[in-house]
>>> print(open('entry_7.pdb').read())   # PDB, C-alpha atoms
ATOM      1  CA  MET A 135      13.426 129.645 -13.671
ATOM      2  CA  ASP A 136      11.149 132.663 -13.120
ATOM      3  CA  GLU A 137      10.084 132.422 -16.752
ATOM      4  CA  LEU A 138       9.214 128.746 -16.265
ATOM      5  CA  LEU A 139       7.083 129.642 -13.243
ATOM      6  CA  TYR A 140       5.459 132.453 -15.232
ATOM      7  CA  ILE A 141       4.515 129.953 -17.946
ATOM      8  CA  GLN A 142       3.336 127.341 -15.428
ATOM      9  CA  ASN A 143       0.997 129.911 -13.917
ATOM     10  CA  ARG A 144      -0.667 130.225 -17.332
ATOM     11  CA  ILE A 145      -1.411 126.519 -17.635
ATOM     12  CA  TYR A 146      -5.039 125.934 -16.690
ATOM     13  CA  GLN A 147      -7.085 122.823 -16.093
ATOM     14  CA  ILE A 148     -10.148 122.995 -18.356
ATOM     15  CA  ARG A 149     -12.293 119.971 -19.298
ATOM     16  CA  GLU A 150      -9.898 117.864 -17.239
ATOM     17  CA  VAL A 151      -7.048 118.783 -19.610
ATOM     18  CA  LYS A 152      -4.052 121.040 -19.052
ATOM     19  CA  VAL A 153      -4.255 123.932 -21.534
ATOM     20  CA  MET A 154      -2.868 127.360 -22.318
ATOM     21  CA  LEU A 155      -5.082 130.117 -23.680
ATOM     22  CA  ASP A 156      -4.522 131.918 -26.956
ATOM     23  CA  ARG A 157      -3.955 135.298 -25.300
ATOM     24  CA  ASP A 158      -1.227 133.932 -23.002
ATOM     25  CA  LEU A 159       0.461 132.096 -25.866
ATOM     26  CA  ALA A 160       0.325 135.204 -28.054
ATOM     27  CA  ALA A 161       1.957 137.249 -25.290
ATOM     28  CA  LEU A 162       4.698 134.638 -24.889
ATOM     29  CA  TYR A 163       5.311 134.481 -28.650
ATOM     30  CA  GLY A 164       5.320 138.278 -28.841
ATOM     31  CA  VAL A 165       2.412 138.545 -31.298
ATOM     32  CA  GLU A 166      -1.150 139.837 -31.011
ATOM     33  CA  THR A 167      -3.828 137.305 -30.119
ATOM     34  CA  LYS A 168      -5.641 137.920 -33.403
ATOM     35  CA  VAL A 169      -2.428 137.212 -35.352
ATOM     36  CA  LEU A 170      -1.986 133.905 -33.516
ATOM     37  CA  ASN A 171      -5.636 132.955 -34.105
ATOM     38  CA  GLN A 172      -5.426 133.901 -37.807
ATOM     39  CA  ALA A 173      -2.359 131.678 -38.227
ATOM     40  CA  VAL A 174      -4.249 128.836 -36.531
ATOM     41  CA  LYS A 175      -7.317 129.353 -38.752
ATOM     42  CA  ARG A 176      -5.139 129.279 -41.868
ATOM     43  CA  ASN A 177      -3.806 125.897 -40.658
ATOM     44  CA  ILE A 178      -6.963 124.581 -38.953
ATOM     45  CA  ARG A 179      -6.355 120.971 -40.091
ATOM     46  CA  ARG A 180      -3.354 120.877 -37.756
ATOM     47  CA  PHE A 181      -5.589 121.573 -34.745
ATOM     48  CA  PRO A 182      -8.191 118.845 -34.113
ATOM     49  CA  SER A 183     -10.457 119.162 -31.081
ATOM     50  CA  ASP A 184      -8.007 117.317 -28.819
ATOM     51  CA  PHE A 185      -5.291 119.871 -29.714
ATOM     52  CA  MET A 186      -7.390 123.048 -29.509
ATOM     53  CA  PHE A 187     -10.923 124.043 -28.541
ATOM     54  CA  GLN A 188     -12.818 127.226 -27.830
ATOM     55  CA  LEU A 189     -14.151 127.696 -24.327
ATOM     56  CA  THR A 190     -17.927 127.559 -23.955
ATOM     57  CA  ALA A 191     -19.743 130.614 -22.602
ATOM     58  CA  GLU A 192     -20.039 128.878 -19.222
ATOM     59  CA  GLU A 193     -16.336 127.920 -19.106
ATOM     60  CA  PHE A 194     -15.414 131.438 -20.228
ATOM     61  CA  SER A 195     -17.552 133.007 -17.508
ATOM     62  CA  PHE A 196     -16.054 130.714 -14.856
ATOM     63  CA  TRP A 197     -12.508 131.357 -16.089
ATOM     64  CA  LYS A 198     -13.056 135.129 -16.077
ATOM     65  CA  SER A 199     -14.289 134.970 -12.501
ATOM     66  CA  GLN A 200     -11.165 133.005 -11.548
ATOM     67  CA  ILE A 201      -8.774 135.619 -12.917
ATOM     68  CA  VAL A 202     -10.863 138.429 -11.370
ATOM     69  CA  THR A 203     -11.035 140.897 -14.221
ATOM     70  CA  SER A 204     -13.042 144.042 -13.653
ATOM     71  CA  SER A 205     -13.446 145.148 -17.254
ATOM     72  CA  GLY A 206     -13.266 142.194 -19.639
ATOM     73  CA  ASP A 207     -13.761 144.256 -22.809
ATOM     74  CA  LYS A 208     -10.588 146.250 -22.189
ATOM     75  CA  LYS A 209      -8.495 143.130 -21.631
ATOM     76  CA  GLY A 210      -9.296 141.402 -24.912
ATOM     77  CA  LEU A 211     -11.906 139.186 -23.303
ATOM     78  CA  ARG A 212     -14.892 139.977 -25.487
ATOM     79  CA  ARG A 213     -15.237 136.418 -26.758
ATOM     80  CA  PRO A 214     -14.250 133.032 -25.326
ATOM     81  CA  PRO A 215     -10.572 132.295 -25.971
ATOM     82  CA  TYR A 216      -9.128 129.237 -27.659
ATOM     83  CA  ALA A 217      -7.469 126.704 -25.396
ATOM     84  CA  PHE A 218      -4.460 124.761 -26.653
ATOM     85  CA  THR A 219      -3.459 121.402 -25.170
ATOM     86  CA  GLU A 220       0.190 120.416 -24.961
ATOM     87  CA  GLN A 221      -0.067 118.858 -28.427
ATOM     88  CA  GLY A 222      -1.692 122.027 -29.768
ATOM     89  CA  VAL A 223       1.120 124.154 -28.391
ATOM     90  CA  ALA A 224       3.630 121.818 -30.052
ATOM     91  CA  MET A 225       1.719 122.211 -33.331
ATOM     92  CA  LEU A 226       1.950 126.013 -33.001
ATOM     93  CA  SER A 227       5.711 125.769 -33.375
ATOM     94  CA  GLY A 228       5.153 124.502 -36.908
ATOM     95  CA  ILE A 229       3.057 127.467 -37.990
ATOM     96  CA  LEU A 230       4.887 130.183 -36.026
ATOM     97  CA  ASN A 231       8.311 129.453 -37.424
ATOM     98  CA  SER A 232      10.458 132.252 -36.029
ATOM     99  CA  GLU A 233      13.479 131.928 -33.724
ATOM    100  CA  ALA A 234      11.530 133.569 -30.890
ATOM    101  CA  ALA A 235       8.591 131.194 -31.428
ATOM    102  CA  ILE A 236      10.861 128.153 -31.353
ATOM    103  CA  ASP A 237      12.614 129.294 -28.152
ATOM    104  CA  THR A 238       9.286 130.126 -26.519
ATOM    105  CA  ASN A 239       7.843 126.793 -27.577
ATOM    106  CA  ILE A 240      10.739 124.926 -25.958
ATOM    107  CA  LYS A 241      10.139 126.821 -22.701
ATOM    108  CA  ILE A 242       6.413 126.058 -22.835
ATOM    109  CA  MET A 243       7.056 122.348 -23.422
ATOM    110  CA  ARG A 244       9.400 122.329 -20.412
ATOM    111  CA  ALA A 245       6.675 124.000 -18.332
ATOM    112  CA  PHE A 246       4.159 121.317 -19.336
ATOM    113  CA  VAL A 247       6.681 118.595 -18.433
ATOM    114  CA  ALA A 248       7.396 120.243 -15.071
ATOM    115  CA  ALA A 249       3.661 120.514 -14.351
ATOM    116  CA  ARG A 250       3.185 116.837 -15.238
ATOM    117  CA  ARG A 251       6.113 115.897 -12.974
ATOM    118  CA  LEU A 252       4.560 117.852 -10.102
ATOM    119  CA  LEU A 253       1.262 116.049 -10.637
ATOM    120  CA  SER A 254       3.078 112.721 -10.668
ATOM    121  CA  LEU A 255       4.885 113.536  -7.420
ATOM    122  CA  SER A 256       1.608 114.656  -5.877
ATOM    123  CA  ALA A 257      -0.098 111.424  -6.952
ATOM    124  CA  THR A 258       2.790 109.370  -5.540
ATOM    125  CA  HIS A 259       2.594 111.281  -2.259
ATOM    126  CA  ASP A 260      -1.186 110.705  -2.113
ATOM    127  CA  ARG A 261      -0.691 106.984  -2.800
ATOM    128  CA  LEU A 262       1.916 106.720  -0.031
ATOM    129  CA  ASN A 263      -0.525 108.394   2.371
ATOM    130  CA  GLN A 264      -3.218 105.882   1.360
ATOM    131  CA  ILE A 265      -0.833 102.982   1.973
ATOM    132  CA  GLU A 266       0.167 104.411   5.339
ATOM    133  CA  LYS A 267      -3.490 104.732   6.372
ATOM    134  CA  ALA A 268      -4.178 101.162   5.212
ATOM    135  CA  ILE A 269      -1.264  99.880   7.313
ATOM    136  CA  GLU A 270      -2.542 101.784  10.348
ATOM    137  CA  HIS A 271      -6.009 100.315   9.779
ATOM    138  CA  LEU A 272      -4.574  96.787   9.511
ATOM    139  CA  ASN A 273      -2.574  97.314  12.719
ATOM    140  CA  GLU A 274      -5.737  98.437  14.520
ATOM    141  CA  GLU A 275      -7.649  95.412  13.221
ATOM    142  CA  MET A 276      -4.819  93.084  14.234
ATOM    143  CA  ASN A 277      -4.724  94.602  17.737
ATOM    144  CA  ASP A 278      -8.504  94.230  17.994
ATOM    145  CA  THR A 279      -8.239  90.597  16.840
ATOM    146  CA  LEU A 280      -5.491  89.879  19.359
ATOM    147  CA  ALA A 281      -7.580  91.483  22.103
ATOM    148  CA  ASP A 282     -10.558  89.360  21.029
ATOM    149  CA  GLN A 283      -8.354  86.251  21.038
ATOM    150  CA  ASN A 284      -7.127  87.118  24.530
ATOM    151  CA  ASP A 285     -10.755  87.461  25.628
ATOM    152  CA  ILE A 286     -11.534  84.082  24.008
ATOM    153  CA  ASN A 287      -8.467  82.493  25.624
ATOM    154  CA  GLU A 288      -9.500  83.835  29.048
ATOM    155  CA  ALA A 289     -13.071  82.600  28.542
ATOM    156  CA  THR A 290     -11.789  79.188  27.437
ATOM    157  CA  ARG A 291      -9.460  79.012  30.465
ATOM    158  CA  ALA A 292     -12.359  79.896  32.749
ATOM    159  CA  GLN A 293     -14.516  77.168  31.173
ATOM    160  CA  LEU A 294     -11.707  74.605  31.446
ATOM    161  CA  ASP A 295     -11.176  75.570  35.090
ATOM    162  CA  ALA A 296     -14.913  75.153  35.738
ATOM    163  CA  ILE A 297     -14.884  71.713  34.062
ATOM    164  CA  SER A 298     -11.793  70.654  36.063
ATOM    165  CA  THR A 299     -13.433  71.792  39.298
ATOM    166  CA  ALA A 300     -16.650  69.946  38.443
ATOM    167  CA  LEU A 301     -14.699  66.746  37.664
ATOM    168  CA  ALA A 302     -12.767  67.017  40.920
ATOM    169  CA  GLU A 303     -16.024  67.425  42.845
ATOM    170  CA  LEU A 304     -17.532  64.373  41.108
ATOM    171  CA  GLN A 305     -14.462  62.316  41.950
ATOM    172  CA  MET A 306     -14.693  63.338  45.608
ATOM    173  CA  LYS A 307     -18.377  62.443  45.749
ATOM    174  CA  GLU A 308     -17.651  59.046  44.185
ATOM    175  CA  ALA A 309     -14.883  58.432  46.666
ATOM    176  CA  GLN A 310     -17.195  59.257  49.627
ATOM    177  CA  LYS A 311     -19.940  56.833  48.566
ATOM    178  CA  PRO A 312     -19.936  53.447  50.312
ATOM    179  CA  PRO A 313     -18.901  50.586  48.051
ATOM    180  CA  ARG A 314     -21.765  48.985  46.211
ATOM    181  CA  LYS A 315     -22.861  45.509  46.899
ATOM    182  CA  ARG A 316     -21.970  43.066  44.267
ATOM    183  CA  ILE A 317     -24.705  41.308  42.506
ATOM    184  CA  GLY A 318     -24.397  37.676  41.683
ATOM    185  CA  PHE A 319     -22.840  34.524  43.220
ATOM    186  CA  VAL A 320     -20.068  34.873  45.681
TER
END
>>> encode(input="entry_7.pdb", output="structure tokens")
Amino acid sequence: MDELLYIQNRIYQIREVKVMLDRDLAALYGVETKVLNQAVKRNIRRFPSDFMFQLTAEEFSFWKSQIVTSSGDKKGLRRPPYAFTEQGVAMLSGILNSEAAIDTNIKIMRAFVAARRLLSLSATHDRLNQIEKAIEHLNEEMNDTLADQNDINEATRAQLDAISTALAELQMKEAQKPPRKRIGFV
């Protein structure tokens, strides 16, 4: 499992894609980076731009600052590395056809799957949090609406009470008036 974690720590997010760099792959396969890159160049048709790309100078500079290297020239970082997507790593198994390469490739594929699973779980957790917040918001709105309805009900009761009181007063005034004289023949 430590090896899986080691591999997962070498999966980077570049151009919104999960990739592994040529130097890390070469180390895992037990070959020099230039040997790996030469094998790729001999089989370049197998590596379209969505399988492999070279980092731009800006991406390279940002990546170097992220790994905090003090002397890039001594660490094989003279030029921007090639980045291999999951499909590119799978394609490497076809051109590096040794037992060690096949075993390493299987481990790398498992690391990509584990990373994708973690992202999926994270997205599910985020979605559940969003749903929970939406429910809380709806509960608050419902409580506010009920409070408003209670205010409306109290106002309506007060108005109905005022109307009932006014009607009662009118009835008392009518009852206190002397009877009217009838008009017409008696």
>>> atom_distance(input="entry_7.pdb", atom1="atom CA of A:Arg291", atom2="atom CA of A:Glu274")
25.4 Å
>>> atom_distance(input="entry_7.pdb", atom1="atom CA of A:Glu150", atom2="atom CA of A:Asp184")
11.7 Å
>>> residues_around(input="entry_7.pdb", residues="stretch 190-192 of chain A", least_positions_apart="4", cutoff="12 Å", atoms="all atoms listed in the file", output="number ranges by chain")
A: 148-149, 196-199, 211-217
>>> resolve_selection(input="entry_7.pdb", expression="the PyMOL selection byres ((chain A and resi 218-233) around 7)", output="PyMOL selection string")
chain A and resi 152-155+173+180-181+185-187+216-217+234-237+239+246
>>> residues_around(input="entry_7.pdb", residues="A:Val169", least_positions_apart="2", cutoff="12 Å", atoms="only C-alpha atoms", output="list in words")
Asp156, Arg157, Leu159, Ala160, Ala161, Tyr163, Gly164, Val165, Glu166, Thr167, Asn171, Gln172, Ala173, Val174, Lys175, Arg176, Ile229 and Leu230 of chain A
>>> atom_distance(input="entry_7.pdb", atom1="atom CA of A:Leu138", atom2="atom CA of A:Ala245")
5.8 Å
>>> residues_around(input="entry_7.pdb", residues="A:Leu139", least_positions_apart="2", cutoff="12 Å", atoms="only C-alpha atoms", output="ChimeraX atom specification")
/A:135-137,141-145,241-242,244-246,248-249
